[in-house]
Amino acid sequence: MRPFEYTRPARAAEAVAAVTADPGARYLAGGTNLVDHLKLGLTAPTALVDVRDALDDTVRTLADGGTSIGAGVPNSDLAAHPEIRRRYPVLSAALLAGASGQLRNMATTGGNLLQRTRCVYFQDVTTPCNKREPGSGCSALEGHGRDNAVLGASEFCVATHPSDMAVALCALDARVRVLGPDGERTIPVNGFHRLPGATPERDTVLSHGELVTAVELPPPVPGARSTYRKVRERASYAFALVSVAALVQVRDSQFVDARIAFGGLAHAPWRARRAEEVLRGRPVTEESFQVAADAELAEARTGRDNSYKVPLTVNTLASVLRELTEEDR
Ligand SMILES: Cc1cc2nc3c(=O)[nH]c(=O)nc-3n(C[C@H](O)[C@H](O)[C@H](O)COP(=O)(O)OP(=O)(O)OC[C@H]3O[C@@H](n4cnc5c(N)ncnc54)[C@H](O)[C@@H]3O)c2cc1C
Ligand code: SF4
């Protein structure tokens, strides 16, 4: 038994003050990730500050036509929200591709962004893991490596980020609103999750005590088509081997713009800027799909077990682009 304090403040500022004051304190939201970690012994907080009463759980339209999603909005409510389904279908699809109905009912927008890697060694306290215990080593480098990252990894950590929702948010250029001991700040979601470098114990750019209060989406791009495609080992209830969130704008059979993010490939959702650059101004052809995918994956580094991810990603992106441009060819 490891005793810890449990509080459930009514206001975000109280929650921030409580966690900031105690280096061992953690926020608790839906608990679908954190409670598993308590049971597995991955973390032993001195206090849990339950933020479910303190967080906004509404979806609102902003003055600029964008959308604000309270960090307390459950994943299932967000996926089913009529405005999200109509204006940001890629986000709804990504949420519905994740976990199960029961889990999505409990899981929150903030907790989903902050969920931790599913690396099997991270979750097994009997094995070395730099993310769990800095300096102890990385068991995944020589061990079971099917899920390892192929982009942006380091010698310290080759884990991948598990969230589907975050991949769609990256393609949508969302912003994360945060309240900390020094006040509020807004962080672009592209850059919110870190690459591992020499400090894989830090998943995001947040400091201790900072609380995610909302996610903001810019107004939808007129005429853009979008989709989320997740490749996994079974049809539901499995994390992505590879996933693609894509939005494209096409005029006269030519790409005007493309926004693409990958899941399952890196320590953070991976914004495919090179592929986007290649596609802009190019004709909608099979060759363009291939050149774009190859450009993005050119710097992929694979190990013994995960080389399949490169052709799988190339083929998945080509298939997504084909689907989104069917009527333009
Ligand atoms: C069996 C299973 C299958 C799953 N499959 C998928 C899947 O396919 N795809 C997918 O994307 N996810 C999947 N998940 C993960 C699930 O989406 C996450 O567990 C969930 O989104 C976490 O949200 P939560 O509110 O329960 O977070 P919690 O478990 O409460 O918290 C998670 C972390 O976030 C921190 N935190 C929570 N809220 C905030 C906040 N507002 N500000 C700052 N920090 C905060 C907590 O301190 C904790 O570290 C699966 C989970 C399980 C158990
Ligand atoms: S890949 Fe990262 S999370 Fe997995 S064992 Fe290595 S250091 Fe730990």
# chains A, B, ... in the order shown; residues from 1 in each chain; ligands from 1
>>> residues_around(residues="range 259-272 of chain A", least_positions_apart="3", cutoff="7 Å", atoms="only C-alpha atoms", output="PyMOL selection string")
chain A and resi 149-153+159-162+164+166-167+170-171+193-196+240-248+275-276+296
>>> write_last_selection(atoms="N, CA and C atoms", output="PDB file, in the first residue's frame")
ATOM      1  N   ALA A 149       9.963   3.784 -32.674  1.00  0.00           N
ATOM      2  CA  ALA A 149       9.904   4.948 -33.563  1.00  0.00           C
ATOM      3  C   ALA A 149      10.866   4.778 -34.733  1.00  0.00           C
ATOM      4  N   VAL A 150      10.496   5.376 -35.866  1.00  0.00           N
ATOM      5  CA  VAL A 150      11.409   5.394 -37.018  1.00  0.00           C
ATOM      6  C   VAL A 150      11.837   6.818 -37.375  1.00  0.00           C
ATOM      7  N   LEU A 151      11.189   7.806 -36.766  1.00  0.00           N
ATOM      8  CA  LEU A 151      11.541   9.209 -37.021  1.00  0.00           C
ATOM      9  C   LEU A 151      11.815   9.914 -35.691  1.00  0.00           C
ATOM     10  N   GLY A 152      12.866  10.717 -35.648  1.00  0.00           N
ATOM     11  CA  GLY A 152      13.116  11.592 -34.501  1.00  0.00           C
ATOM     12  C   GLY A 152      13.509  10.889 -33.215  1.00  0.00           C
ATOM     13  N   ALA A 153      13.890   9.604 -33.279  1.00  0.00           N
ATOM     14  CA  ALA A 153      14.253   8.876 -32.054  1.00  0.00           C
ATOM     15  C   ALA A 153      15.682   9.236 -31.643  1.00  0.00           C
ATOM     16  N   ALA A 159      10.646   5.241 -28.124  1.00  0.00           N
ATOM     17  CA  ALA A 159       9.202   5.018 -27.922  1.00  0.00           C
ATOM     18  C   ALA A 159       8.376   5.888 -28.867  1.00  0.00           C
ATOM     19  N   THR A 160       7.121   5.490 -29.058  1.00  0.00           N
ATOM     20  CA  THR A 160       6.199   6.281 -29.876  1.00  0.00           C
ATOM     21  C   THR A 160       5.085   6.858 -29.003  1.00  0.00           C
ATOM     22  N   HIS A 161       4.520   7.948 -29.496  1.00  0.00           N
ATOM     23  CA  HIS A 161       3.398   8.578 -28.786  1.00  0.00           C
ATOM     24  C   HIS A 161       2.109   7.853 -29.165  1.00  0.00           C
ATOM     25  N   PRO A 162       1.243   7.559 -28.183  1.00  0.00           N
ATOM     26  CA  PRO A 162       0.099   6.702 -28.480  1.00  0.00           C
ATOM     27  C   PRO A 162      -1.206   7.382 -28.904  1.00  0.00           C
ATOM     28  N   ASP A 164      -4.287   9.016 -30.680  1.00  0.00           N
ATOM     29  CA  ASP A 164      -4.869   9.268 -32.012  1.00  0.00           C
ATOM     30  C   ASP A 164      -5.339  10.714 -32.113  1.00  0.00           C
ATOM     31  N   ALA A 166      -4.304  13.398 -30.749  1.00  0.00           N
ATOM     32  CA  ALA A 166      -3.233  14.385 -30.906  1.00  0.00           C
ATOM     33  C   ALA A 166      -2.752  14.473 -32.350  1.00  0.00           C
ATOM     34  N   VAL A 167      -2.826  13.373 -33.083  1.00  0.00           N
ATOM     35  CA  VAL A 167      -2.381  13.377 -34.483  1.00  0.00           C
ATOM     36  C   VAL A 167      -3.316  14.271 -35.308  1.00  0.00           C
ATOM     37  N   CYS A 170      -2.707  17.912 -34.545  1.00  0.00           N
ATOM     38  CA  CYS A 170      -1.519  18.453 -35.219  1.00  0.00           C
ATOM     39  C   CYS A 170      -1.850  18.844 -36.663  1.00  0.00           C
ATOM     40  N   ALA A 171      -2.598  17.998 -37.347  1.00  0.00           N
ATOM     41  CA  ALA A 171      -2.962  18.334 -38.731  1.00  0.00           C
ATOM     42  C   ALA A 171      -3.878  19.560 -38.767  1.00  0.00           C
ATOM     43  N   HIS A 193       4.377  18.182 -27.757  1.00  0.00           N
ATOM     44  CA  HIS A 193       5.049  16.928 -27.393  1.00  0.00           C
ATOM     45  C   HIS A 193       6.501  17.001 -27.859  1.00  0.00           C
ATOM     46  N   ARG A 194       7.416  16.496 -27.062  1.00  0.00           N
ATOM     47  CA  ARG A 194       8.842  16.600 -27.362  1.00  0.00           C
ATOM     48  C   ARG A 194       9.364  15.364 -28.092  1.00  0.00           C
ATOM     49  N   LEU A 195      10.457  15.550 -28.830  1.00  0.00           N
ATOM     50  CA  LEU A 195      11.248  14.393 -29.249  1.00  0.00           C
ATOM     51  C   LEU A 195      12.139  14.022 -28.068  1.00  0.00           C
ATOM     52  N   PRO A 196      12.618  12.775 -27.985  1.00  0.00           N
ATOM     53  CA  PRO A 196      13.225  12.323 -26.729  1.00  0.00           C
ATOM     54  C   PRO A 196      14.586  12.937 -26.419  1.00  0.00           C
ATOM     55  N   ALA A 240      -2.105   2.421 -32.747  1.00  0.00           N
ATOM     56  CA  ALA A 240      -1.709   2.509 -34.161  1.00  0.00           C
ATOM     57  C   ALA A 240      -0.314   1.928 -34.383  1.00  0.00           C
ATOM     58  N   LEU A 241      -0.169   1.130 -35.430  1.00  0.00           N
ATOM     59  CA  LEU A 241       1.167   0.839 -35.946  1.00  0.00           C
ATOM     60  C   LEU A 241       1.629   2.094 -36.685  1.00  0.00           C
ATOM     61  N   VAL A 242       0.714   2.601 -37.491  1.00  0.00           N
ATOM     62  CA  VAL A 242       0.910   3.843 -38.234  1.00  0.00           C
ATOM     63  C   VAL A 242      -0.456   4.497 -38.368  1.00  0.00           C
ATOM     64  N   SER A 243      -0.525   5.809 -38.252  1.00  0.00           N
ATOM     65  CA  SER A 243      -1.792   6.484 -38.571  1.00  0.00           C
ATOM     66  C   SER A 243      -1.494   7.760 -39.333  1.00  0.00           C
ATOM     67  N   VAL A 244      -2.488   8.196 -40.095  1.00  0.00           N
ATOM     68  CA  VAL A 244      -2.341   9.407 -40.914  1.00  0.00           C
ATOM     69  C   VAL A 244      -3.574  10.278 -40.733  1.00  0.00           C
ATOM     70  N   ALA A 245      -3.354  11.545 -40.359  1.00  0.00           N
ATOM     71  CA  ALA A 245      -4.422  12.547 -40.409  1.00  0.00           C
ATOM     72  C   ALA A 245      -4.067  13.482 -41.553  1.00  0.00           C
ATOM     73  N   ALA A 246      -4.998  13.694 -42.468  1.00  0.00           N
ATOM     74  CA  ALA A 246      -4.674  14.533 -43.626  1.00  0.00           C
ATOM     75  C   ALA A 246      -5.836  15.446 -43.984  1.00  0.00           C
ATOM     76  N   LEU A 247      -5.486  16.690 -44.340  1.00  0.00           N
ATOM     77  CA  LEU A 247      -6.455  17.655 -44.888  1.00  0.00           C
ATOM     78  C   LEU A 247      -5.861  18.153 -46.202  1.00  0.00           C
ATOM     79  N   VAL A 248      -6.637  18.152 -47.262  1.00  0.00           N
ATOM     80  CA  VAL A 248      -6.111  18.667 -48.533  1.00  0.00           C
ATOM     81  C   VAL A 248      -7.092  19.663 -49.146  1.00  0.00           C
ATOM     82  N   ALA A 275       6.463  16.386 -46.820  1.00  0.00           N
ATOM     83  CA  ALA A 275       5.449  15.863 -47.746  1.00  0.00           C
ATOM     84  C   ALA A 275       4.505  16.989 -48.160  1.00  0.00           C
ATOM     85  N   GLU A 276       4.133  17.828 -47.201  1.00  0.00           N
ATOM     86  CA  GLU A 276       3.223  18.939 -47.497  1.00  0.00           C
ATOM     87  C   GLU A 276       3.856  19.872 -48.539  1.00  0.00           C
ATOM     88  N   GLU A 296       9.115  12.478 -47.055  1.00  0.00           N
ATOM     89  CA  GLU A 296       8.951  12.523 -45.605  1.00  0.00           C
ATOM     90  C   GLU A 296       9.704  11.399 -44.900  1.00  0.00           C
TER      91      GLU A 296
END
>>> residues_around(residues="Ala13 in chain A", least_positions_apart="5", cutoff="9 Å", atoms="only C-alpha atoms", output="list of chain:residue names")
A:Ala18, A:Ala54, A:Leu179, A:Gly180, A:Pro181
>>> closest_residue(among="A:Leu62, A:Ala15, A:Ala198, A:Ala295", to="ligand 2", atoms="only C-alpha atoms and all ligand atoms")
A:Ala198
>>> residues_near_ligand(ligand="ligand 2", cutoff="7 Å", atoms="only C-alpha atoms and all ligand atoms", output="VMD selection string")
chain A and resid 117 119 to 122 128 to 132 137 to 141 148 156 to 159 200
>>> closest_atom_pairs(of="chain A", to="ligand 1", cutoff="7 Å", atoms="only C-alpha atoms and all ligand atoms", output="JSON lines")
{"residue": "A:Arg26", "atom": "CA", "partner": "ligand 1", "partner_atom_place_in_ligand_line": "47 (O)", "distance": 4.8}
{"residue": "A:Tyr27", "atom": "CA", "partner": "ligand 1", "partner_atom_place_in_ligand_line": "47 (O)", "distance": 3.9}
{"residue": "A:Leu28", "atom": "CA", "partner": "ligand 1", "partner_atom_place_in_ligand_line": "30 (O)", "distance": 4.3}
{"residue": "A:Ala29", "atom": "CA", "partner": "ligand 1", "partner_atom_place_in_ligand_line": "30 (O)", "distance": 3.4}
{"residue": "A:Gly30", "atom": "CA", "partner": "ligand 1", "partner_atom_place_in_ligand_line": "26 (O)", "distance": 3.3}
{"residue": "A:Gly31", "atom": "CA", "partner": "ligand 1", "partner_atom_place_in_ligand_line": "30 (O)", "distance": 3.3}
{"residue": "A:Thr32", "atom": "CA", "partner": "ligand 1", "partner_atom_place_in_ligand_line": "26 (O)", "distance": 3.7}
{"residue": "A:Asn33", "atom": "CA", "partner": "ligand 1", "partner_atom_place_in_ligand_line": "29 (O)", "distance": 3.4}
{"residue": "A:Leu34", "atom": "CA", "partner": "ligand 1", "partner_atom_place_in_ligand_line": "29 (O)", "distance": 3.8}
{"residue": "A:Val35", "atom": "CA", "partner": "ligand 1", "partner_atom_place_in_ligand_line": "29 (O)", "distance": 6.1}
{"residue": "A:Val51", "atom": "CA", "partner": "ligand 1", "partner_atom_place_in_ligand_line": "41 (N)", "distance": 7.0}
{"residue": "A:Ala71", "atom": "CA", "partner": "ligand 1", "partner_atom_place_in_ligand_line": "41 (N)", "distance": 5.4}
{"residue": "A:Gly72", "atom": "CA", "partner": "ligand 1", "partner_atom_place_in_ligand_line": "41 (N)", "distance": 6.9}
{"residue": "A:Leu95", "atom": "CA", "partner": "ligand 1", "partner_atom_place_in_ligand_line": "11 (O)", "distance": 7.0}
{"residue": "A:Ala97", "atom": "CA", "partner": "ligand 1", "partner_atom_place_in_ligand_line": "8 (O)", "distance": 6.3}
{"residue": "A:Gly98", "atom": "CA", "partner": "ligand 1", "partner_atom_place_in_ligand_line": "9 (N)", "distance": 3.4}
{"residue": "A:Ala99", "atom": "CA", "partner": "ligand 1", "partner_atom_place_in_ligand_line": "5 (N)", "distance": 3.2}
{"residue": "A:Ser100", "atom": "CA", "partner": "ligand 1", "partner_atom_place_in_ligand_line": "3 (C)", "distance": 6.7}
{"residue": "A:Leu103", "atom": "CA", "partner": "ligand 1", "partner_atom_place_in_ligand_line": "51 (C)", "distance": 6.6}
{"residue": "A:Arg104", "atom": "CA", "partner": "ligand 1", "partner_atom_place_in_ligand_line": "17 (O)", "distance": 6.7}
{"residue": "A:Met106", "atom": "CA", "partner": "ligand 1", "partner_atom_place_in_ligand_line": "26 (O)", "distance": 5.9}
{"residue": "A:Ala107", "atom": "CA", "partner": "ligand 1", "partner_atom_place_in_ligand_line": "25 (O)", "distance": 3.7}
{"residue": "A:Thr108", "atom": "CA", "partner": "ligand 1", "partner_atom_place_in_ligand_line": "25 (O)", "distance": 3.7}
{"residue": "A:Thr109", "atom": "CA", "partner": "ligand 1", "partner_atom_place_in_ligand_line": "25 (O)", "distance": 6.6}
{"residue": "A:Gly110", "atom": "CA", "partner": "ligand 1", "partner_atom_place_in_ligand_line": "41 (N)", "distance": 4.0}
{"residue": "A:Gly111", "atom": "CA", "partner": "ligand 1", "partner_atom_place_in_ligand_line": "27 (O)", "distance": 3.4}
{"residue": "A:Asn112", "atom": "CA", "partner": "ligand 1", "partner_atom_place_in_ligand_line": "21 (O)", "distance": 3.1}
{"residue": "A:Leu113", "atom": "CA", "partner": "ligand 1", "partner_atom_place_in_ligand_line": "21 (O)", "distance": 6.9}
{"residue": "A:Leu114", "atom": "CA", "partner": "ligand 1", "partner_atom_place_in_ligand_line": "34 (O)", "distance": 4.1}
{"residue": "A:Gln115", "atom": "CA", "partner": "ligand 1", "partner_atom_place_in_ligand_line": "32 (C)", "distance": 4.6}
{"residue": "A:Arg116", "atom": "CA", "partner": "ligand 1", "partner_atom_place_in_ligand_line": "33 (C)", "distance": 6.9}
{"residue": "A:Pro162", "atom": "CA", "partner": "ligand 1", "partner_atom_place_in_ligand_line": "11 (O)", "distance": 5.5}
{"residue": "A:Ser163", "atom": "CA", "partner": "ligand 1", "partner_atom_place_in_ligand_line": "11 (O)", "distance": 3.3}
{"residue": "A:Asp164", "atom": "CA", "partner": "ligand 1", "partner_atom_place_in_ligand_line": "11 (O)", "distance": 4.0}
{"residue": "A:Met165", "atom": "CA", "partner": "ligand 1", "partner_atom_place_in_ligand_line": "11 (O)", "distance": 5.8}
{"residue": "A:Glu210", "atom": "CA", "partner": "ligand 1", "partner_atom_place_in_ligand_line": "43 (C)", "distance": 6.3}
{"residue": "A:Leu211", "atom": "CA", "partner": "ligand 1", "partner_atom_place_in_ligand_line": "42 (N)", "distance": 3.8}
{"residue": "A:Val212", "atom": "CA", "partner": "ligand 1", "partner_atom_place_in_ligand_line": "42 (N)", "distance": 3.7}
{"residue": "A:Thr213", "atom": "CA", "partner": "ligand 1", "partner_atom_place_in_ligand_line": "41 (N)", "distance": 5.7}
{"residue": "A:Tyr237", "atom": "CA", "partner": "ligand 1", "partner_atom_place_in_ligand_line": "8 (O)", "distance": 5.6}
{"residue": "A:Ala238", "atom": "CA", "partner": "ligand 1", "partner_atom_place_in_ligand_line": "8 (O)", "distance": 4.9}
{"residue": "A:Phe239", "atom": "CA", "partner": "ligand 1", "partner_atom_place_in_ligand_line": "8 (O)", "distance": 4.0}
{"residue": "A:Ala240", "atom": "CA", "partner": "ligand 1", "partner_atom_place_in_ligand_line": "8 (O)", "distance": 6.6}
>>> closest_residue(among="A:Pro9, A:Pro89, A:Gly65, A:Pro74", to="Asn105 in chain A", atoms="only C-alpha atoms")
A:Pro74
>>> atom_distance(atom1="CA of Val256 in chain A", atom2="CA of Ala174 in chain A")
20.5 Å
>>> select_by_dssp(residues="range 3-220 of chain A", states="strand (DSSP E)", output="VMD selection string")
chain A and resid 5 to 7 25 to 28 47 to 50 59 to 61 67 to 70 175 to 180 183 to 188 211 to 217
>>> closest_residue(among="A:Arg185, A:Pro283, A:Leu312, A:Ala298", to="Val231 in chain A", atoms="only C-alpha atoms")
A:Leu312
